Amino acid sequence: MSAAPESSDAADGEPPVLYERRGAVAWVTMNRPRYRNAQNSAMTYALDAAFYRAAADDDVRVVVLAGAGQHFSAGHDIGTPGRDAHLPFERRAGLWWDHSDKQGAESRYARESEVYLGMCRRWRELPKPVLACVQGACVAGGLMLAWVCDLIVAAEDAFFADPVVRMGIPGVEYFAHPWVMPPRIAKEFLFTGDRIDARRAYEVGMVNRVVPRTELETQTLELAERIAQMPRLGLALTKRAVNQAEDLQGLHAGMDSVFGLHHLAHAHNAEVAADSLGGMDVAAMKKQAGA
Ligand code: ZN
């Protein structure tokens, strides 16, 4: 079955997300390879539509989230021609009002509550197992997408980083860092902004498997198909059980409190620097990283 677009990307005419059925598996692919799958709002809402479709389809037992091209996702879109952070979209994740006609912290808080924290939490609750299939860059906003998945299969060339402390911001909006890795490792990860490779991510328990790049897709599909043999409700309840355990370990409330710190940092940047990102674009981030 050929991959069907979820919606089109106004900037380059390509659908930002592809949806494909492979037996009992819904294969969802981020499709902005030219921009290392940088997430604009068009992609975020297309992902939401794809997950909704997979949840509603009784023949889909397991979902895979993948990225087209060399990289899973380089993060949120902070500078491609398709950047659409100022545009309104039909909101689905929460009840916050439209950000696009508001100003300052009100606009940022409303938008990020919807497209970052709200969407990620919504997807984490998808009542079917979701596997991330990760190669190349999984950076900042890319981490959020991998972390909401239940299992992560990483290619040997995958690397993970959250460099947004360089913007003066304490990590990406979906602040799962000290839950997906030990707290002291999370601090090093954030304080340095350095990449960790797939092996290191495996060592600290952040990914389930590391496989050769050439086998990433087949091994992810194989694992998805094995899981798909389990009873639907059993999987849904098991997922809920583990997610509840994580929330009892403080994930949900912790993330809420850090979201406030995150927006304090955005507001500080907006007061003292060029913009809420501290005047940092992709080129500036790379320069600071020495890349
Ligand atoms: Zn933010």
# chains A, B, ... in the order shown; residues from 1 in each chain; ligands from 1
$ residues_near_ligand --ligand "ligand 1" --cutoff "10 Å" --atoms "only C-alpha atoms and all ligand atoms" --output "list in words"
His76, Arg108, Tyr109, Arg111, Glu112, Ser113, Tyr116, Leu117, Gly141, Val164, Ile169, Pro170, Gly171, Val172, Glu173, Tyr174, Phe259, His262, His263, Leu264, Ala265, His266, Ala267, Ser276 and Leu277 of chain A
$ write_last_selection --atoms "N, CA and C atoms" --output "compact mmCIF listing (two decimals), in the first residue's frame"
# COMPACT_ATOMS: atom_id res chain seq x y z
N HIS A 76 12.26 21.47 16.67
CA HIS A 76 11.22 22.39 16.22
C HIS A 76 11.77 23.28 15.11
N ARG A 108 2.88 33.00 23.52
CA ARG A 108 3.79 31.85 23.61
C ARG A 108 3.20 30.74 24.47
N TYR A 109 2.62 31.14 25.61
CA TYR A 109 2.10 30.12 26.53
C TYR A 109 0.93 29.37 25.90
N ARG A 111 0.32 28.98 22.70
CA ARG A 111 0.78 28.15 21.59
C ARG A 111 1.50 26.90 22.08
N GLU A 112 2.43 27.08 23.01
CA GLU A 112 3.23 25.92 23.45
C GLU A 112 2.40 24.96 24.29
N SER A 113 1.38 25.48 24.98
CA SER A 113 0.48 24.59 25.71
C SER A 113 -0.25 23.66 24.74
N TYR A 116 3.03 21.92 21.77
CA TYR A 116 4.16 21.17 22.33
C TYR A 116 3.71 20.28 23.49
N LEU A 117 3.41 20.88 24.62
CA LEU A 117 3.04 20.06 25.78
C LEU A 117 1.73 19.31 25.54
N GLY A 141 13.33 19.25 19.99
CA GLY A 141 11.95 18.86 19.71
C GLY A 141 11.83 17.44 19.17
N VAL A 164 19.08 23.31 24.03
CA VAL A 164 18.37 24.59 24.18
C VAL A 164 18.77 25.38 25.44
N ILE A 169 17.31 28.40 28.12
CA ILE A 169 16.04 27.74 28.43
C ILE A 169 16.32 26.35 29.01
N PRO A 170 15.63 25.98 30.11
CA PRO A 170 15.94 24.70 30.76
C PRO A 170 15.33 23.49 30.06
N GLY A 171 15.78 23.23 28.83
CA GLY A 171 15.32 22.03 28.12
C GLY A 171 14.05 22.26 27.33
N VAL A 172 13.73 21.27 26.49
CA VAL A 172 12.53 21.38 25.65
C VAL A 172 11.26 21.29 26.48
N GLU A 173 10.15 21.67 25.85
CA GLU A 173 8.87 21.83 26.56
C GLU A 173 8.39 20.55 27.24
N TYR A 174 8.57 19.44 26.57
CA TYR A 174 8.15 18.15 27.15
C TYR A 174 9.32 17.66 27.99
N PHE A 259 7.40 23.50 32.90
CA PHE A 259 6.81 24.31 31.81
C PHE A 259 6.75 25.79 32.24
N HIS A 262 10.26 27.08 31.95
CA HIS A 262 10.53 27.22 30.52
C HIS A 262 9.99 28.57 30.01
N HIS A 263 8.80 28.91 30.45
CA HIS A 263 8.21 30.17 29.98
C HIS A 263 8.78 31.39 30.70
N LEU A 264 9.28 31.21 31.91
CA LEU A 264 10.04 32.29 32.55
C LEU A 264 11.26 32.60 31.68
N ALA A 265 11.94 31.56 31.19
CA ALA A 265 13.13 31.74 30.36
C ALA A 265 12.77 32.43 29.03
N HIS A 266 11.69 31.98 28.39
CA HIS A 266 11.26 32.66 27.15
C HIS A 266 11.00 34.15 27.43
N ALA A 267 10.32 34.44 28.54
CA ALA A 267 9.96 35.83 28.85
C ALA A 267 11.22 36.65 29.14
N SER A 276 12.36 35.65 22.01
CA SER A 276 12.14 34.70 23.11
C SER A 276 13.08 33.49 23.05
N LEU A 277 13.78 33.33 21.93
CA LEU A 277 14.79 32.26 21.82
C LEU A 277 16.19 32.81 22.09
$ closest_atom_pairs --of "stretch 110-223 of chain A" --to "stretch 58-65 of chain A" --cutoff "12 Å" --atoms "only C-alpha atoms" --output "Markdown table"
| residue | atom | partner | partner_atom | distance |
| --- | --- | --- | --- | --- |
| A:Trp123 | CA | A:Val63 | CA | 11.1 |
| A:Arg124 | CA | A:Val63 | CA | 11.8 |
| A:Leu126 | CA | A:Val63 | CA | 9.5 |
| A:Pro127 | CA | A:Val62 | CA | 9.5 |
| A:Lys128 | CA | A:Val62 | CA | 5.8 |
| A:Pro129 | CA | A:Val62 | CA | 5.2 |
| A:Val130 | CA | A:Val63 | CA | 4.6 |
| A:Leu131 | CA | A:Val64 | CA | 4.7 |
| A:Ala132 | CA | A:Leu65 | CA | 4.9 |
| A:Cys133 | CA | A:Leu65 | CA | 6.0 |
| A:Val134 | CA | A:Leu65 | CA | 8.5 |
| A:Gln135 | CA | A:Leu65 | CA | 11.5 |
| A:Gly142 | CA | A:Leu65 | CA | 11.3 |
| A:Leu145 | CA | A:Leu65 | CA | 8.4 |
| A:Ala146 | CA | A:Leu65 | CA | 8.1 |
| A:Trp147 | CA | A:Leu65 | CA | 11.1 |
| A:Val148 | CA | A:Leu65 | CA | 10.3 |
| A:Cys149 | CA | A:Leu65 | CA | 8.0 |
| A:Asp150 | CA | A:Val63 | CA | 10.0 |
| A:Leu151 | CA | A:Val64 | CA | 9.5 |
| A:Ile152 | CA | A:Leu65 | CA | 9.5 |
| A:Val153 | CA | A:Val64 | CA | 10.0 |
| A:Ala154 | CA | A:Leu65 | CA | 11.9 |
| A:Leu216 | CA | A:Val64 | CA | 11.8 |
| A:Glu217 | CA | A:Val64 | CA | 9.8 |
| A:Thr218 | CA | A:Val64 | CA | 11.7 |
| A:Gln219 | CA | A:Val64 | CA | 11.6 |
| A:Thr220 | CA | A:Val64 | CA | 7.9 |
| A:Leu221 | CA | A:Val64 | CA | 7.9 |
| A:Glu222 | CA | A:Val64 | CA | 11.1 |
| A:Leu223 | CA | A:Val62 | CA | 9.8 |
$ write_last_selection --atoms "N, CA and C atoms" --output "compact mmCIF listing (two decimals), in the first residue's frame"
# COMPACT_ATOMS: atom_id res chain seq x y z
N TRP A 123 -0.48 12.42 22.55
CA TRP A 123 0.06 11.27 21.82
C TRP A 123 0.58 10.20 22.78
N ARG A 124 1.11 10.61 23.90
CA ARG A 124 1.60 9.62 24.88
C ARG A 124 0.44 8.73 25.34
N LEU A 126 -2.08 7.71 23.49
CA LEU A 126 -2.66 6.88 22.43
C LEU A 126 -2.75 5.45 22.95
N PRO A 127 -3.93 4.83 22.95
CA PRO A 127 -4.09 3.56 23.66
C PRO A 127 -3.58 2.34 22.90
N LYS A 128 -2.61 2.54 22.02
CA LYS A 128 -1.95 1.44 21.33
C LYS A 128 -0.45 1.68 21.44
N PRO A 129 0.34 0.61 21.44
CA PRO A 129 1.79 0.81 21.53
C PRO A 129 2.31 1.62 20.34
N VAL A 130 3.22 2.54 20.62
CA VAL A 130 3.85 3.35 19.59
C VAL A 130 5.36 3.16 19.69
N LEU A 131 5.98 2.82 18.57
CA LEU A 131 7.43 2.61 18.53
C LEU A 131 8.08 3.73 17.74
N ALA A 132 9.14 4.30 18.28
CA ALA A 132 9.92 5.29 17.51
C ALA A 132 11.02 4.53 16.78
N CYS A 133 11.23 4.93 15.53
CA CYS A 133 12.22 4.31 14.65
C CYS A 133 13.20 5.42 14.30
N VAL A 134 14.35 5.45 15.02
CA VAL A 134 15.18 6.67 15.03
C VAL A 134 16.54 6.46 14.36
N GLN A 135 16.84 7.33 13.39
CA GLN A 135 18.16 7.36 12.78
C GLN A 135 18.66 8.80 12.78
N GLY A 142 12.89 16.92 18.57
CA GLY A 142 12.90 15.52 18.11
C GLY A 142 12.83 14.56 19.29
N LEU A 145 9.29 13.87 20.52
CA LEU A 145 8.53 12.89 19.74
C LEU A 145 8.98 11.47 20.04
N ALA A 146 10.28 11.27 20.19
CA ALA A 146 10.76 9.92 20.52
C ALA A 146 10.30 9.53 21.93
N TRP A 147 10.33 10.48 22.86
CA TRP A 147 10.01 10.17 24.25
C TRP A 147 8.53 9.87 24.48
N VAL A 148 7.65 10.41 23.68
CA VAL A 148 6.23 10.06 23.88
C VAL A 148 5.93 8.65 23.35
N CYS A 149 6.86 8.10 22.58
CA CYS A 149 6.68 6.73 22.11
C CYS A 149 6.98 5.76 23.24
N ASP A 150 6.38 4.56 23.17
CA ASP A 150 6.55 3.59 24.25
C ASP A 150 7.90 2.90 24.18
N LEU A 151 8.33 2.57 22.96
CA LEU A 151 9.62 1.93 22.75
C LEU A 151 10.40 2.76 21.74
N ILE A 152 11.73 2.74 21.88
CA ILE A 152 12.56 3.43 20.90
C ILE A 152 13.57 2.43 20.33
N VAL A 153 13.52 2.27 19.01
CA VAL A 153 14.53 1.47 18.31
C VAL A 153 15.44 2.47 17.59
N ALA A 154 16.74 2.39 17.89
CA ALA A 154 17.68 3.38 17.33
C ALA A 154 18.66 2.71 16.39
N LEU A 216 17.26 -0.99 10.37
CA LEU A 216 16.39 -0.24 11.29
C LEU A 216 14.91 -0.48 11.00
N GLU A 217 14.55 -0.34 9.73
CA GLU A 217 13.13 -0.43 9.40
C GLU A 217 12.61 -1.86 9.59
N THR A 218 13.38 -2.84 9.12
CA THR A 218 12.90 -4.23 9.22
C THR A 218 12.83 -4.67 10.68
N GLN A 219 13.82 -4.31 11.47
CA GLN A 219 13.80 -4.75 12.87
C GLN A 219 12.69 -4.04 13.67
N THR A 220 12.43 -2.77 13.33
CA THR A 220 11.35 -2.05 14.01
C THR A 220 10.01 -2.69 13.65
N LEU A 221 9.85 -2.99 12.35
CA LEU A 221 8.58 -3.60 11.91
C LEU A 221 8.40 -4.98 12.55
N GLU A 222 9.48 -5.74 12.62
CA GLU A 222 9.43 -7.07 13.23
C GLU A 222 8.96 -6.99 14.68
N LEU A 223 9.54 -6.07 15.41
CA LEU A 223 9.17 -5.89 16.82
C LEU A 223 7.70 -5.45 16.92
$ select_by_dssp --residues "stretch 196-265 of chain A" --states "strand (DSSP E or B)" --output "PyMOL selection string"
chain A and resi 196-197+209-211
$ closest_residue --among "A:Glu271, A:Glu125, A:Asp194, A:Glu215" --to "A:Phe159" --atoms "only C-alpha atoms"
A:Asp194
$ closest_residue --among "A:Ala42, A:Leu47, A:Val272, A:Ala26" --to "A:Ala85" --atoms "only C-alpha atoms"
A:Ala42
$ closest_residue --among "A:His99, A:Arg166, A:Arg184, A:Arg199" --to "A:Lys286" --atoms "only C-alpha atoms"
A:Arg166
$ residues_around --residues "A:Gln39" --least-positions-apart "2" --cutoff "10 Å" --atoms "only C-alpha atoms" --output "MDAnalysis selection string"
chainID A and resid 16 30:32 35:37 41:45 47 73:78 80 82:84 141:142 145
$ select_by_dssp --residues "stretch 147-177 of chain A" --states "helix (DSSP H, G or I)" --output "PDB file with N, CA, C and O atoms, in the first residue's frame"
ATOM      1  N   TRP A 147      10.332  10.484  22.859  1.00  0.00           N
ATOM      2  CA  TRP A 147      10.014  10.174  24.250  1.00  0.00           C
ATOM      3  C   TRP A 147       8.535   9.867  24.481  1.00  0.00           C
ATOM      4  O   TRP A 147       8.199   9.158  25.425  1.00  0.00           O
ATOM      5  N   VAL A 148       7.646  10.407  23.679  1.00  0.00           N
ATOM      6  CA  VAL A 148       6.232  10.058  23.881  1.00  0.00           C
ATOM      7  C   VAL A 148       5.928   8.651  23.350  1.00  0.00           C
ATOM      8  O   VAL A 148       4.877   8.105  23.650  1.00  0.00           O
ATOM      9  N   PRO A 163      20.158  20.892  23.120  1.00  0.00           N
ATOM     10  CA  PRO A 163      21.059  22.040  23.293  1.00  0.00           C
ATOM     11  C   PRO A 163      20.354  23.353  23.655  1.00  0.00           C
ATOM     12  O   PRO A 163      20.981  24.404  23.618  1.00  0.00           O
ATOM     13  N   VAL A 164      19.084  23.312  24.034  1.00  0.00           N
ATOM     14  CA  VAL A 164      18.366  24.590  24.184  1.00  0.00           C
ATOM     15  C   VAL A 164      18.772  25.377  25.436  1.00  0.00           C
ATOM     16  O   VAL A 164      18.396  26.537  25.581  1.00  0.00           O
ATOM     17  N   VAL A 165      19.590  24.767  26.308  1.00  0.00           N
ATOM     18  CA  VAL A 165      20.137  25.556  27.422  1.00  0.00           C
ATOM     19  C   VAL A 165      20.986  26.709  26.860  1.00  0.00           C
ATOM     20  O   VAL A 165      21.106  27.759  27.483  1.00  0.00           O
ATOM     21  N   ARG A 166      21.534  26.508  25.652  1.00  0.00           N
ATOM     22  CA  ARG A 166      22.277  27.592  24.996  1.00  0.00           C
ATOM     23  C   ARG A 166      21.395  28.810  24.744  1.00  0.00           C
ATOM     24  O   ARG A 166      21.887  29.921  24.584  1.00  0.00           O
ATOM     25  N   MET A 167      20.098  28.604  24.662  1.00  0.00           N
ATOM     26  CA  MET A 167      19.156  29.714  24.522  1.00  0.00           C
ATOM     27  C   MET A 167      18.764  30.276  25.890  1.00  0.00           C
ATOM     28  O   MET A 167      17.894  31.148  25.984  1.00  0.00           O
ATOM     29  N   HIS A 177      13.294  14.645  30.705  1.00  0.00           N
ATOM     30  CA  HIS A 177      14.711  14.261  30.848  1.00  0.00           C
ATOM     31  C   HIS A 177      15.004  13.411  32.090  1.00  0.00           C
ATOM     32  O   HIS A 177      15.578  12.337  31.962  1.00  0.00           O
TER      33      HIS A 177
END
$ closest_residue --among "A:Ala176, A:Ala66, A:Val25, A:Ala241" --to "A:Asp256" --atoms "only C-alpha atoms"
A:Ala176
$ residues_around --residues "A:Arg200" --least-positions-apart "3" --cutoff "12 Å" --atoms "only C-alpha atoms" --output "list in words"
Ala154, Glu156, Asp157, Ala158, Phe159, Phe160, Ala161, Met181, Ile185, Phe189, Asp194, Arg195, Ile196, Asp197, Glu203, Val204, Gly205, Met206, Val207, Asn208, Arg209 and Val210 of chain A
$ closest_residue --among "A:Phe175, A:Ala46, A:Ala228, A:Gln70" --to "A:Pro15" --atoms "only C-alpha atoms"
A:Ala46
$ atom_distance --atom1 "atom CA of A:Ala270" --atom2 "atom CA of A:Cys120"
24.9 Å
$ closest_residue --among "A:Asp247, A:Leu190, A:Val115, A:Gly168" --to "A:Leu261" --atoms "only C-alpha atoms"
A:Gly168
$ decode --residues "stretch 69-180 of chain A" --atoms "C-alpha atoms" --output "compact mmCIF listing (two decimals), in the first residue's frame"
# COMPACT_ATOMS: atom_id res chain seq x y z
CA GLY A 69 15.75 10.73 5.03
CA GLN A 70 18.96 10.80 7.05
CA HIS A 71 17.49 12.09 10.30
CA PHE A 72 14.58 11.38 12.60
CA SER A 73 14.05 15.03 13.57
CA ALA A 74 16.36 17.98 14.20
CA GLY A 75 13.74 19.61 16.44
CA HIS A 76 11.22 22.39 16.22
CA ASP A 77 11.26 24.55 13.14
CA ILE A 78 13.18 27.69 14.08
CA GLY A 79 14.00 28.94 10.63
CA THR A 80 12.96 26.97 7.51
CA PRO A 81 10.85 28.61 4.78
CA GLY A 82 7.86 26.64 6.12
CA ARG A 83 8.07 28.00 9.64
CA ASP A 84 4.50 28.77 10.61
CA ALA A 85 4.65 29.56 14.35
CA HIS A 86 2.70 32.79 13.81
CA LEU A 87 -0.22 31.12 12.03
CA PRO A 88 -3.48 29.94 13.61
CA PHE A 89 -4.44 26.27 13.38
CA GLU A 90 -7.61 24.51 14.41
CA ARG A 91 -6.68 23.49 17.95
CA ARG A 92 -7.30 19.97 19.22
CA ALA A 93 -5.04 19.22 22.18
CA GLY A 94 -6.48 21.66 24.70
CA LEU A 95 -8.83 24.55 25.28
CA TRP A 96 -6.30 27.34 25.06
CA TRP A 97 -7.35 30.17 22.80
CA ASP A 98 -5.73 31.07 19.48
CA HIS A 99 -2.17 32.37 20.05
CA SER A 100 -1.77 34.05 16.70
CA ASP A 101 -3.62 37.26 17.55
CA LYS A 102 -2.11 37.57 21.07
CA GLN A 103 1.16 39.07 22.24
CA GLY A 104 4.12 38.29 24.45
CA ALA A 105 3.97 35.53 27.03
CA GLU A 106 0.24 35.08 26.47
CA SER A 107 0.83 34.12 22.85
CA ARG A 108 3.79 31.85 23.61
CA TYR A 109 2.10 30.12 26.53
CA ALA A 110 -1.10 29.49 24.60
CA ARG A 111 0.78 28.15 21.59
CA GLU A 112 3.23 25.92 23.45
CA SER A 113 0.48 24.59 25.71
CA GLU A 114 -1.26 23.40 22.56
CA VAL A 115 1.35 22.33 20.05
CA TYR A 116 4.16 21.17 22.33
CA LEU A 117 3.04 20.06 25.78
CA GLY A 118 -0.59 19.42 24.85
CA MET A 119 0.10 17.45 21.68
CA CYS A 120 2.87 15.39 23.23
CA ARG A 121 0.71 14.43 26.20
CA ARG A 122 -2.16 13.56 23.88
CA TRP A 123 0.06 11.27 21.82
CA ARG A 124 1.60 9.62 24.88
CA GLU A 125 -1.94 8.53 25.80
CA LEU A 126 -2.66 6.88 22.43
CA PRO A 127 -4.09 3.56 23.66
CA LYS A 128 -1.95 1.44 21.33
CA PRO A 129 1.79 0.81 21.53
CA VAL A 130 3.85 3.35 19.59
CA LEU A 131 7.43 2.61 18.53
CA ALA A 132 9.92 5.29 17.51
CA CYS A 133 12.22 4.31 14.65
CA VAL A 134 15.18 6.67 15.03
CA GLN A 135 18.16 7.36 12.78
CA GLY A 136 20.55 10.32 12.60
CA ALA A 137 19.59 13.43 14.54
CA CYS A 138 17.05 13.25 17.33
CA VAL A 139 17.54 16.69 18.76
CA ALA A 140 15.51 18.95 21.09
CA GLY A 141 11.95 18.86 19.71
CA GLY A 142 12.90 15.52 18.11
CA LEU A 143 13.45 14.10 21.60
CA MET A 144 9.90 15.02 22.56
CA LEU A 145 8.53 12.89 19.74
CA ALA A 146 10.76 9.92 20.52
CA TRP A 147 10.01 10.17 24.25
CA VAL A 148 6.23 10.06 23.88
CA CYS A 149 6.68 6.73 22.11
CA ASP A 150 6.55 3.59 24.25
CA LEU A 151 9.62 1.93 22.75
CA ILE A 152 12.56 3.43 20.90
CA VAL A 153 14.53 1.47 18.31
CA ALA A 154 17.68 3.38 17.33
CA ALA A 155 20.03 2.93 14.41
CA GLU A 156 23.74 2.86 15.21
CA ASP A 157 24.07 6.32 13.64
CA ALA A 158 21.37 7.89 15.84
CA PHE A 159 22.35 10.66 18.22
CA PHE A 160 20.42 12.56 20.85
CA ALA A 161 20.88 16.07 22.22
CA ASP A 162 19.00 18.90 23.87
CA PRO A 163 21.06 22.04 23.29
CA VAL A 164 18.37 24.59 24.18
CA VAL A 165 20.14 25.56 27.42
CA ARG A 166 22.28 27.59 25.00
CA MET A 167 19.16 29.71 24.52
CA GLY A 168 18.98 30.14 28.29
CA ILE A 169 16.04 27.74 28.43
CA PRO A 170 15.94 24.70 30.76
CA GLY A 171 15.32 22.03 28.12
CA VAL A 172 12.53 21.38 25.65
CA GLU A 173 8.87 21.83 26.56
CA TYR A 174 8.15 18.15 27.15
CA PHE A 175 10.57 17.94 30.07
CA ALA A 176 10.92 14.18 30.49
CA HIS A 177 14.71 14.26 30.85
CA PRO A 178 15.06 13.10 34.48
CA TRP A 179 12.50 10.33 33.90
CA VAL A 180 13.91 8.91 30.67
